[in-house]
>>> print(open('start.cif').read())   # mmCIF, C-alpha atoms
data_protein
loop_
_atom_site.label_atom_id
_atom_site.label_comp_id
_atom_site.auth_asym_id
_atom_site.auth_seq_id
_atom_site.Cartn_x
_atom_site.Cartn_y
_atom_site.Cartn_z
CA ASP A 125 78.03 -77.71 -132.45
CA ARG A 126 79.36 -77.71 -128.88
CA ARG A 127 75.96 -78.51 -127.38
CA ILE A 128 75.64 -81.61 -129.58
CA GLU A 129 79.12 -82.78 -128.55
CA GLU A 130 78.24 -82.28 -124.88
CA ALA A 131 74.99 -84.23 -125.33
CA LEU A 132 76.80 -87.11 -127.04
CA ASP A 133 79.43 -87.10 -124.31
CA ALA A 134 76.70 -87.22 -121.65
CA VAL A 135 75.03 -90.22 -123.35
CA THR A 136 78.38 -92.02 -123.62
CA ARG A 137 79.08 -91.49 -119.94
CA MET A 138 75.61 -92.60 -118.89
CA LEU A 139 76.13 -95.84 -120.80
CA ALA A 140 79.54 -96.27 -119.18
CA ILE A 141 78.03 -95.74 -115.72
CA VAL A 142 75.44 -98.46 -116.39
CA ARG A 143 77.99 -100.78 -118.04
CA PRO A 144 81.45 -99.71 -116.81
CA GLU A 145 83.09 -102.77 -118.38
CA THR A 146 82.64 -101.07 -121.76
CA SER A 147 85.29 -98.53 -120.72
CA GLY A 148 87.30 -100.47 -118.15
CA GLY A 149 87.68 -103.64 -120.18
CA ASP A 150 86.65 -107.25 -119.65
CA GLY A 151 88.94 -107.92 -116.70
CA ASN A 152 91.72 -109.29 -118.89
CA SER A 153 92.97 -105.95 -120.23
CA ILE A 154 96.34 -104.72 -118.97
CA CYS A 155 97.97 -101.31 -119.23
CA GLU A 156 101.10 -99.66 -117.89
CA ALA A 157 99.86 -96.78 -115.75
CA ALA A 158 102.95 -94.53 -115.84
CA ALA A 159 102.94 -94.32 -119.65
CA VAL A 160 99.25 -93.35 -119.70
CA VAL A 161 99.72 -90.77 -116.93
CA ARG A 162 102.59 -89.19 -118.88
CA ARG A 163 100.56 -89.08 -122.08
CA VAL A 164 97.53 -87.45 -120.45
CA HIS A 165 99.78 -84.88 -118.77
CA GLN A 166 101.41 -84.05 -122.11
CA GLN A 167 98.04 -83.75 -123.87
CA LEU A 168 96.67 -81.26 -121.34
CA THR A 169 99.82 -79.22 -120.70
CA GLU A 170 99.11 -76.80 -123.55
CA GLU A 171 95.59 -76.07 -122.28
CA ALA A 172 96.97 -75.42 -118.80
CA ARG A 173 99.65 -73.08 -120.15
CA GLY A 174 97.00 -71.11 -122.02
CA ARG A 175 95.45 -70.23 -118.65
CA HIS A 176 98.78 -69.87 -116.84
CA ILE A 177 98.01 -72.92 -114.71
CA ALA A 178 101.05 -74.90 -113.55
CA LEU A 179 100.27 -78.55 -114.37
CA SER A 180 102.96 -80.60 -112.63
CA LEU A 181 103.72 -84.32 -112.88
CA ASP A 182 105.23 -86.58 -110.22
CA ILE A 183 105.75 -90.27 -111.08
CA GLN A 184 107.30 -92.23 -108.23
CA ILE A 185 106.78 -95.77 -109.48
CA GLU A 186 107.45 -97.24 -112.91
CA PRO A 187 106.50 -99.52 -114.51
CA ALA A 188 103.14 -100.05 -112.84
CA TYR A 189 100.82 -102.51 -114.56
CA ILE A 190 97.12 -102.50 -113.75
CA ARG A 191 94.19 -104.59 -114.98
CA ILE A 192 92.11 -102.08 -116.90
CA ALA A 193 91.70 -101.12 -120.55
CA GLU A 194 94.23 -98.44 -121.49
CA SER A 195 91.56 -96.35 -123.26
CA GLY A 196 89.29 -96.46 -120.20
CA PHE A 197 92.11 -95.55 -117.82
CA ALA A 198 93.13 -92.65 -120.07
CA GLU A 199 89.52 -91.42 -120.18
CA VAL A 200 89.30 -91.53 -116.37
CA LEU A 201 92.53 -89.52 -116.04
CA ASN A 202 91.36 -87.04 -118.66
CA ALA A 203 88.10 -86.54 -116.78
CA LEU A 204 89.87 -85.90 -113.45
CA VAL A 205 92.54 -83.55 -114.82
CA ASN A 206 90.05 -81.68 -117.02
CA ASN A 207 87.82 -81.26 -113.97
CA ALA A 208 90.75 -79.85 -111.98
CA LEU A 209 91.61 -77.41 -114.77
CA LYS A 210 87.97 -76.44 -115.18
CA TYR A 211 87.48 -75.46 -111.54
CA THR A 212 90.92 -73.92 -110.96
CA PRO A 213 91.22 -70.16 -111.60
CA ASP A 214 93.85 -68.78 -113.97
CA ASN A 215 97.37 -68.73 -112.49
CA GLY A 216 96.50 -71.69 -110.28
CA LYS A 217 98.12 -75.10 -109.79
CA VAL A 218 97.19 -78.68 -110.67
CA ARG A 219 99.33 -81.68 -109.70
CA LEU A 220 99.14 -85.20 -111.15
CA THR A 221 100.86 -87.90 -109.08
CA LEU A 222 101.46 -91.65 -109.42
CA LEU A 223 102.94 -93.54 -106.46
CA SER A 224 102.79 -96.79 -104.52
CA SER A 225 99.75 -97.03 -102.26
CA CYS A 226 99.96 -97.73 -98.56
CA GLN A 227 97.59 -100.59 -99.40
CA ASN A 228 99.52 -103.69 -100.40
CA ASP A 229 99.96 -104.42 -104.11
CA SER A 230 98.23 -101.21 -105.23
CA ILE A 231 99.08 -97.90 -106.82
CA CYS A 232 97.60 -94.48 -106.13
CA ILE A 233 96.93 -91.83 -108.75
CA SER A 234 95.95 -88.43 -107.42
CA VAL A 235 94.90 -85.15 -109.00
CA ALA A 236 95.18 -82.11 -106.71
CA ASP A 237 94.34 -78.49 -107.50
CA SER A 238 94.14 -74.99 -106.06
CA GLY A 239 90.55 -74.54 -107.21
CA ILE A 240 87.19 -74.12 -105.49
CA GLY A 241 87.34 -77.45 -103.65
CA VAL A 242 84.52 -79.71 -102.46
CA PRO A 243 82.67 -79.01 -99.17
CA ASP A 244 83.14 -81.67 -96.48
CA ASP A 245 79.47 -82.59 -96.32
CA GLN A 246 79.25 -83.17 -100.09
CA ARG A 247 82.28 -85.40 -100.65
CA GLU A 248 80.27 -88.61 -100.67
CA ARG A 249 77.52 -87.33 -102.97
CA ILE A 250 79.97 -85.81 -105.45
CA PHE A 251 80.19 -89.20 -107.23
CA GLU A 252 76.42 -89.56 -107.69
CA PRO A 253 75.11 -89.16 -111.26
CA PHE A 254 73.87 -85.63 -112.03
CA TYR A 255 74.99 -84.30 -108.65
CA ARG A 256 76.74 -80.91 -108.65
CA SER A 257 78.07 -79.45 -105.41
CA ALA A 258 76.90 -76.07 -104.14
CA SER A 259 80.30 -74.51 -104.88
CA VAL A 260 80.01 -75.64 -108.50
CA GLN A 261 76.41 -74.48 -108.86
CA ASN A 262 77.50 -71.03 -107.75
CA THR A 263 79.73 -70.76 -110.83
CA THR A 264 78.76 -70.17 -114.45
CA LEU A 265 80.73 -73.22 -115.60
CA PRO A 266 78.72 -75.74 -117.67
CA GLY A 267 78.25 -79.37 -116.69
CA VAL A 268 75.65 -82.04 -116.01
CA GLY A 269 77.33 -83.91 -113.16
CA LEU A 270 78.24 -87.14 -114.94
CA GLY A 271 82.04 -86.93 -115.11
CA LEU A 272 82.82 -88.09 -111.56
CA ALA A 273 80.06 -90.71 -111.62
CA PHE A 274 81.69 -92.12 -114.76
CA VAL A 275 85.11 -92.11 -113.10
CA LYS A 276 83.83 -93.98 -110.03
CA ALA A 277 81.99 -96.56 -112.11
CA VAL A 278 85.11 -97.44 -114.11
CA VAL A 279 87.40 -97.44 -111.04
CA ASP A 280 84.95 -99.66 -109.08
CA ALA A 281 84.71 -102.08 -112.00
CA ALA A 282 88.51 -102.36 -112.01
CA GLY A 283 88.49 -103.35 -108.34
CA GLY A 284 89.71 -99.96 -107.15
CA SER A 285 88.41 -97.09 -105.04
CA ILE A 286 88.32 -93.30 -105.24
CA LEU A 287 87.85 -90.53 -102.69
CA VAL A 288 88.10 -86.76 -102.52
CA GLN A 289 89.63 -84.65 -99.78
CA LYS A 290 91.06 -81.18 -99.27
CA ALA A 291 94.31 -80.69 -101.17
CA ASP A 292 97.44 -79.12 -99.76
CA LEU A 293 97.21 -76.78 -102.77
CA GLY A 294 93.97 -75.37 -101.33
CA GLY A 295 91.38 -77.00 -103.57
CA ALA A 296 90.32 -80.63 -104.02
CA GLU A 297 92.41 -83.78 -104.30
CA PHE A 298 90.94 -86.86 -105.96
CA SER A 299 92.84 -90.07 -105.17
CA MET A 300 92.14 -93.40 -106.79
CA VAL A 301 93.70 -96.66 -105.67
CA LEU A 302 93.96 -99.51 -108.18
CA PRO A 303 95.31 -103.05 -107.73
CA ARG A 304 98.78 -103.48 -109.20
CA ILE A 305 99.55 -106.65 -111.13
CA ALA A 306 102.41 -108.65 -109.66
CA ASP A 307 105.52 -108.87 -111.85
CA ASP A 308 105.19 -112.65 -112.25
CA GLN A 309 101.62 -112.21 -113.57
CA ILE A 310 102.45 -109.76 -116.34
CA PRO A 311 102.28 -111.39 -119.81
CA LEU A 312 105.65 -111.39 -121.57
CA GLU A 313 104.23 -109.62 -124.62
CA SER A 314 103.17 -106.64 -122.46
CA GLN A 315 106.68 -106.33 -121.02
CA LEU A 316 108.33 -106.56 -124.44
CA PHE A 317 105.94 -103.99 -125.92
CA ASP A 318 106.63 -101.58 -123.09
CA GLN A 319 110.40 -101.99 -123.44
CA ASP A 320 110.11 -101.28 -127.15
CA ARG A 321 108.39 -97.96 -126.38
CA MET A 322 111.34 -96.78 -124.27
CA LYS A 323 114.48 -95.20 -125.67
CA VAL A 324 117.44 -93.24 -124.39
CA VAL A 325 117.61 -89.65 -125.59
CA ILE A 326 121.09 -88.17 -125.95
CA ILE A 327 121.30 -84.42 -125.31
CA GLY A 328 124.64 -82.72 -125.83
CA GLY A 329 126.44 -86.04 -125.64
CA VAL A 330 124.84 -86.90 -122.27
CA ALA A 331 122.27 -89.62 -121.86
CA ALA A 332 119.08 -88.01 -120.60
CA GLY A 333 117.65 -91.34 -119.46
CA PRO A 334 114.71 -93.40 -120.70
CA LYS A 335 111.95 -91.50 -122.40
CA VAL A 336 108.66 -92.72 -123.78
CA ALA A 337 108.83 -92.78 -127.54
CA SER A 338 106.18 -90.67 -129.17
#
>>> encode(input="start.cif", output="C-alpha cells")
Amino acid sequence: DRRIEEALDAVTRMLAIVRPETSGGDGNSICEAAAVVRRVHQQLTEEARGRHIALSLDIQIEPAYIRIAESGFAEVLNALVNNALKYTPDNGKVRLTLLSSCQNDSICISVADSGIGVPDDQRERIFEPFYRSASVQNTTLPGVGLGLAFVKAVVDAAGGSILVQKADLGGAEFSMVLPRIADDQIPLESQLFDQDRMKVVIIGGVAAGPKVAS
C-alpha cells in the first residue's frame, strides 16, 4: 500500500534527522561523488522522460572524493532530484550539476528546475521538519515536509552546507557544498576500486572515452 510506504519513509527520515550519522556514515566513509551523481541521474531519467521533462547532467570535476557514506549521499541526491521532478510541470527542465566550489577544497552539487520555485521569505524555513511552503500547499501534491530536513541533516553531519535560490531555469535551485578529500588523503583501495569500475567503450572502432561500468 502506498500510504504504508510513505509512512515508513517518513519514520526513516525522522530517525535520520535525529541521528544523521546513520545515513551519512561515521565520518570515515568515503565515496566518489561523480559516480553516484551519474547513477542517480540514470535511475531517474526514465521517470523524467515519462513526463517529457528534460533531465540534464553536467559533471565538471572527476574524480571527486567526499567523506560521506555512498548510500547516504545517493539518498540525498535522490531526494533533491525527486523533489525537482515532483514540483516541475510536464515538459519542464531539471538540471543536475557537479563542479568545483568557489570555497577551497570543496565541491558543489546543484539541482535546478523550471518548477514552482520557493518564495524568498521561505527559503530559510524550507529545511525545517514538516514545513511546506505556501506554493507547495497550494498544489494537490502529497508530502509531509521531511525530505529537505533529511537532506540538510545529512549534509550538515558531513561538514557541508545547503541553500536554495531562484534558478536560471525559472524554478528553484538547491546547491550543496561538501568538503573534498585531498588526493594524498584518499586510501589506495578506494582509488583502485574506482579505476576498476572504469572502462573504455569502443563504438564503431572509435574510443568513446571512460565510462562507468554497470
>>> residues_around(input="start.cif", residues="region 218-233 of chain A", least_positions_apart="4", cutoff="8 Å", atoms="all atoms listed in the file", output="PyMOL selection string")
chain A and resi 158+161+165+177-185+188+205+208-209+212+237-238+299-306
>>> write_last_selection(input="start.cif", atoms="C-alpha atoms", output="PDB file, in the coordinates of the input")
ATOM      1  CA  ALA A 158     102.950 -94.530-115.840  1.00  0.00           C
ATOM      2  CA  VAL A 161      99.720 -90.770-116.930  1.00  0.00           C
ATOM      3  CA  HIS A 165      99.780 -84.880-118.770  1.00  0.00           C
ATOM      4  CA  ILE A 177      98.010 -72.920-114.710  1.00  0.00           C
ATOM      5  CA  ALA A 178     101.050 -74.900-113.550  1.00  0.00           C
ATOM      6  CA  LEU A 179     100.270 -78.550-114.370  1.00  0.00           C
ATOM      7  CA  SER A 180     102.960 -80.600-112.630  1.00  0.00           C
ATOM      8  CA  LEU A 181     103.720 -84.320-112.880  1.00  0.00           C
ATOM      9  CA  ASP A 182     105.230 -86.580-110.220  1.00  0.00           C
ATOM     10  CA  ILE A 183     105.750 -90.270-111.080  1.00  0.00           C
ATOM     11  CA  GLN A 184     107.300 -92.230-108.230  1.00  0.00           C
ATOM     12  CA  ILE A 185     106.780 -95.770-109.480  1.00  0.00           C
ATOM     13  CA  ALA A 188     103.140-100.050-112.840  1.00  0.00           C
ATOM     14  CA  VAL A 205      92.540 -83.550-114.820  1.00  0.00           C
ATOM     15  CA  ALA A 208      90.750 -79.850-111.980  1.00  0.00           C
ATOM     16  CA  LEU A 209      91.610 -77.410-114.770  1.00  0.00           C
ATOM     17  CA  THR A 212      90.920 -73.920-110.960  1.00  0.00           C
ATOM     18  CA  ASP A 237      94.340 -78.490-107.500  1.00  0.00           C
ATOM     19  CA  SER A 238      94.140 -74.990-106.060  1.00  0.00           C
ATOM     20  CA  SER A 299      92.840 -90.070-105.170  1.00  0.00           C
ATOM     21  CA  MET A 300      92.140 -93.400-106.790  1.00  0.00           C
ATOM     22  CA  VAL A 301      93.700 -96.660-105.670  1.00  0.00           C
ATOM     23  CA  LEU A 302      93.960 -99.510-108.180  1.00  0.00           C
ATOM     24  CA  PRO A 303      95.310-103.050-107.730  1.00  0.00           C
ATOM     25  CA  ARG A 304      98.780-103.480-109.200  1.00  0.00           C
ATOM     26  CA  ILE A 305      99.550-106.650-111.130  1.00  0.00           C
ATOM     27  CA  ALA A 306     102.410-108.650-109.660  1.00  0.00           C
TER      28      ALA A 306
END
>>> resolve_selection(input="start.cif", expression="the PyMOL selection byres ((chain A and resi 293) around 9)", output="VMD selection string")
chain A and resid 217 to 219 236 to 239 290 to 292 294 to 297
>>> resolve_selection(input="start.cif", expression="the PyMOL selection byres ((chain A and resi 196-199) around 7)", output="PyMOL selection string")
chain A and resi 147-148+160+164+192-195+200-203
>>> atom_distance(input="start.cif", atom1="CA of Ala282 (chain A)", atom2="CA of Arg191 (chain A)")
6.8 Å
>>> closest_residue(input="start.cif", among="A:Val279, A:Leu204, A:Ile310, A:Val288", to="Gly241 (chain A)", atoms="only C-alpha atoms")
A:Val288
>>> closest_residue(input="start.cif", among="A:Asp214, A:Ala277, A:Asn207, A:Arg175", to="Val235 (chain A)", atoms="all atoms listed in the file")
A:Asn207
>>> atom_distance(input="start.cif", atom1="CA of Glu186 (chain A)", atom2="CA of Ser234 (chain A)")
15.5 Å
>>> atom_distance(input="start.cif", atom1="CA of Ile154 (chain A)", atom2="CA of Pro187 (chain A)")
12.3 Å
>>> residues_near_point(input="start.cif", point="(81.7, -89.6, -111.2)", cutoff="10 Å", atoms="all atoms listed in the file", output="PDB file with C-alpha atoms, in the frame of the given file")
ATOM      1  CA  ARG A 137      79.080 -91.490-119.940  1.00  0.00           C
ATOM      2  CA  ILE A 141      78.030 -95.740-115.720  1.00  0.00           C
ATOM      3  CA  VAL A 200      89.300 -91.530-116.370  1.00  0.00           C
ATOM      4  CA  ALA A 203      88.100 -86.540-116.780  1.00  0.00           C
ATOM      5  CA  LEU A 204      89.870 -85.900-113.450  1.00  0.00           C
ATOM      6  CA  ARG A 249      77.520 -87.330-102.970  1.00  0.00           C
ATOM      7  CA  ILE A 250      79.970 -85.810-105.450  1.00  0.00           C
ATOM      8  CA  PHE A 251      80.190 -89.200-107.230  1.00  0.00           C
ATOM      9  CA  GLU A 252      76.420 -89.560-107.690  1.00  0.00           C
ATOM     10  CA  PRO A 253      75.110 -89.160-111.260  1.00  0.00           C
ATOM     11  CA  PHE A 254      73.870 -85.630-112.030  1.00  0.00           C
ATOM     12  CA  TYR A 255      74.990 -84.300-108.650  1.00  0.00           C
ATOM     13  CA  GLY A 269      77.330 -83.910-113.160  1.00  0.00           C
ATOM     14  CA  LEU A 270      78.240 -87.140-114.940  1.00  0.00           C
ATOM     15  CA  GLY A 271      82.040 -86.930-115.110  1.00  0.00           C
ATOM     16  CA  LEU A 272      82.820 -88.090-111.560  1.00  0.00           C
ATOM     17  CA  ALA A 273      80.060 -90.710-111.620  1.00  0.00           C
ATOM     18  CA  PHE A 274      81.690 -92.120-114.760  1.00  0.00           C
ATOM     19  CA  VAL A 275      85.110 -92.110-113.100  1.00  0.00           C
ATOM     20  CA  LYS A 276      83.830 -93.980-110.030  1.00  0.00           C
ATOM     21  CA  ALA A 277      81.990 -96.560-112.110  1.00  0.00           C
ATOM     22  CA  VAL A 278      85.110 -97.440-114.110  1.00  0.00           C
ATOM     23  CA  VAL A 279      87.400 -97.440-111.040  1.00  0.00           C
ATOM     24  CA  ILE A 286      88.320 -93.300-105.240  1.00  0.00           C
TER      25      ILE A 286
END
>>> closest_residue(input="start.cif", among="A:Ser285, A:Gln246, A:Asn206, A:Asn215", to="Leu168 (chain A)", atoms="only C-alpha atoms")
A:Asn206
>>> closest_residue(input="start.cif", among="A:Ala157, A:Ala281, A:Ile240, A:Ile190", to="Gln309 (chain A)", atoms="all atoms listed in the file")
A:Ile190
>>> build_atoms(input="start.cif", residues="region 155-189 of chain A", atoms="N, CA and C atoms", output="mmCIF file, keeping the file's coordinate frame")
data_model
loop_
_atom_site.group_PDB
_atom_site.id
_atom_site.type_symbol
_atom_site.label_atom_id
_atom_site.label_comp_id
_atom_site.auth_asym_id
_atom_site.auth_seq_id
_atom_site.Cartn_x
_atom_site.Cartn_y
_atom_site.Cartn_z
ATOM 1 N N CYS A 155 97.268 -102.490 -118.728
ATOM 2 C CA CYS A 155 97.970 -101.310 -119.230
ATOM 3 C C CYS A 155 99.033 -100.877 -118.232
ATOM 4 N N GLU A 156 100.017 -100.155 -118.734
ATOM 5 C CA GLU A 156 101.100 -99.660 -117.890
ATOM 6 C C GLU A 156 100.738 -98.232 -117.497
ATOM 7 N N ALA A 157 100.451 -98.030 -116.228
ATOM 8 C CA ALA A 157 99.860 -96.780 -115.750
ATOM 9 C C ALA A 157 100.755 -95.562 -115.990
ATOM 10 N N ALA A 158 102.058 -95.689 -115.745
ATOM 11 C CA ALA A 158 102.950 -94.530 -115.840
ATOM 12 C C ALA A 158 102.949 -93.941 -117.254
ATOM 13 N N ALA A 159 102.937 -94.802 -118.268
ATOM 14 C CA ALA A 159 102.940 -94.320 -119.650
ATOM 15 C C ALA A 159 101.672 -93.530 -119.963
ATOM 16 N N VAL A 160 100.527 -94.028 -119.459
ATOM 17 C CA VAL A 160 99.250 -93.350 -119.700
ATOM 18 C C VAL A 160 99.206 -92.017 -118.951
ATOM 19 N N VAL A 161 99.686 -92.014 -117.720
ATOM 20 C CA VAL A 161 99.720 -90.770 -116.930
ATOM 21 C C VAL A 161 100.566 -89.720 -117.645
ATOM 22 N N ARG A 162 101.724 -90.127 -118.153
ATOM 23 C CA ARG A 162 102.590 -89.190 -118.880
ATOM 24 C C ARG A 162 101.886 -88.625 -120.116
ATOM 25 N N ARG A 163 101.207 -89.515 -120.843
ATOM 26 C CA ARG A 163 100.560 -89.080 -122.080
ATOM 27 C C ARG A 163 99.437 -88.081 -121.814
ATOM 28 N N VAL A 164 98.630 -88.359 -120.798
ATOM 29 C CA VAL A 164 97.530 -87.450 -120.450
ATOM 30 C C VAL A 164 98.095 -86.097 -120.001
ATOM 31 N N HIS A 165 99.146 -86.123 -119.213
ATOM 32 C CA HIS A 165 99.780 -84.880 -118.770
ATOM 33 C C HIS A 165 100.265 -84.070 -119.967
ATOM 34 N N GLN A 166 100.902 -84.741 -120.919
ATOM 35 C CA GLN A 166 101.410 -84.050 -122.110
ATOM 36 C C GLN A 166 100.273 -83.460 -122.935
ATOM 37 N N GLN A 167 99.172 -84.209 -123.062
ATOM 38 C CA GLN A 167 98.040 -83.750 -123.870
ATOM 39 C C GLN A 167 97.383 -82.503 -123.303
ATOM 40 N N LEU A 168 97.385 -82.371 -121.975
ATOM 41 C CA LEU A 168 96.670 -81.260 -121.340
ATOM 42 C C LEU A 168 97.571 -80.109 -120.908
ATOM 43 N N THR A 169 98.879 -80.271 -121.103
ATOM 44 C CA THR A 169 99.820 -79.220 -120.700
ATOM 45 C C THR A 169 99.581 -77.919 -121.450
ATOM 46 N N GLU A 170 99.305 -78.014 -122.739
ATOM 47 C CA GLU A 170 99.110 -76.800 -123.550
ATOM 48 C C GLU A 170 97.888 -76.021 -123.081
ATOM 49 N N GLU A 171 96.802 -76.740 -122.784
ATOM 50 C CA GLU A 171 95.590 -76.070 -122.280
ATOM 51 C C GLU A 171 95.880 -75.360 -120.958
ATOM 52 N N ALA A 172 96.634 -76.021 -120.092
ATOM 53 C CA ALA A 172 96.970 -75.420 -118.800
ATOM 54 C C ALA A 172 97.823 -74.168 -118.991
ATOM 55 N N ARG A 173 98.784 -74.237 -119.889
ATOM 56 C CA ARG A 173 99.650 -73.080 -120.150
ATOM 57 C C ARG A 173 98.842 -71.893 -120.662
ATOM 58 N N GLY A 174 97.818 -72.182 -121.469
ATOM 59 C CA GLY A 174 97.000 -71.110 -122.020
ATOM 60 C C GLY A 174 96.287 -70.314 -120.940
ATOM 61 N N ARG A 175 96.103 -70.924 -119.777
ATOM 62 C CA ARG A 175 95.450 -70.230 -118.650
ATOM 63 C C ARG A 175 96.441 -69.942 -117.523
ATOM 64 N N HIS A 176 97.715 -70.119 -117.824
ATOM 65 C CA HIS A 176 98.780 -69.870 -116.840
ATOM 66 C C HIS A 176 98.590 -70.716 -115.586
ATOM 67 N N ILE A 177 98.135 -71.965 -115.808
ATOM 68 C CA ILE A 177 98.010 -72.920 -114.710
ATOM 69 C C ILE A 177 99.218 -73.849 -114.747
ATOM 70 N N ALA A 178 99.890 -74.016 -113.631
ATOM 71 C CA ALA A 178 101.050 -74.900 -113.550
ATOM 72 C C ALA A 178 100.553 -76.332 -113.370
ATOM 73 N N LEU A 179 100.697 -77.141 -114.422
ATOM 74 C CA LEU A 179 100.270 -78.550 -114.370
ATOM 75 C C LEU A 179 101.526 -79.400 -114.175
ATOM 76 N N SER A 180 101.745 -79.851 -112.946
ATOM 77 C CA SER A 180 102.960 -80.600 -112.630
ATOM 78 C C SER A 180 102.703 -82.104 -112.643
ATOM 79 N N LEU A 181 103.785 -82.865 -112.796
ATOM 80 C CA LEU A 181 103.720 -84.320 -112.880
ATOM 81 C C LEU A 181 104.750 -84.929 -111.943
ATOM 82 N N ASP A 182 104.325 -85.908 -111.156
ATOM 83 C CA ASP A 182 105.230 -86.580 -110.220
ATOM 84 C C ASP A 182 104.965 -88.085 -110.291
ATOM 85 N N ILE A 183 105.857 -88.816 -110.961
ATOM 86 C CA ILE A 183 105.750 -90.270 -111.080
ATOM 87 C C ILE A 183 106.812 -90.902 -110.207
ATOM 88 N N GLN A 184 106.377 -91.645 -109.203
ATOM 89 C CA GLN A 184 107.300 -92.230 -108.230
ATOM 90 C C GLN A 184 107.442 -93.735 -108.362
ATOM 91 N N ILE A 185 106.690 -94.327 -109.268
ATOM 92 C CA ILE A 185 106.780 -95.770 -109.480
ATOM 93 C C ILE A 185 106.603 -96.076 -110.964
ATOM 94 N N GLU A 186 107.501 -96.912 -111.495
ATOM 95 C CA GLU A 186 107.450 -97.240 -112.910
ATOM 96 C C GLU A 186 108.354 -98.441 -113.194
ATOM 97 N N PRO A 187 107.851 -99.431 -113.946
ATOM 98 C CA PRO A 187 106.500 -99.520 -114.510
ATOM 99 C C PRO A 187 105.488 -99.916 -113.439
ATOM 100 N N ALA A 188 104.221 -99.703 -113.748
ATOM 101 C CA ALA A 188 103.140 -100.050 -112.840
ATOM 102 C C ALA A 188 101.977 -100.584 -113.677
ATOM 103 N N TYR A 189 101.860 -101.884 -113.744
ATOM 104 C CA TYR A 189 100.820 -102.510 -114.560
ATOM 105 C C TYR A 189 99.535 -102.681 -113.762
#
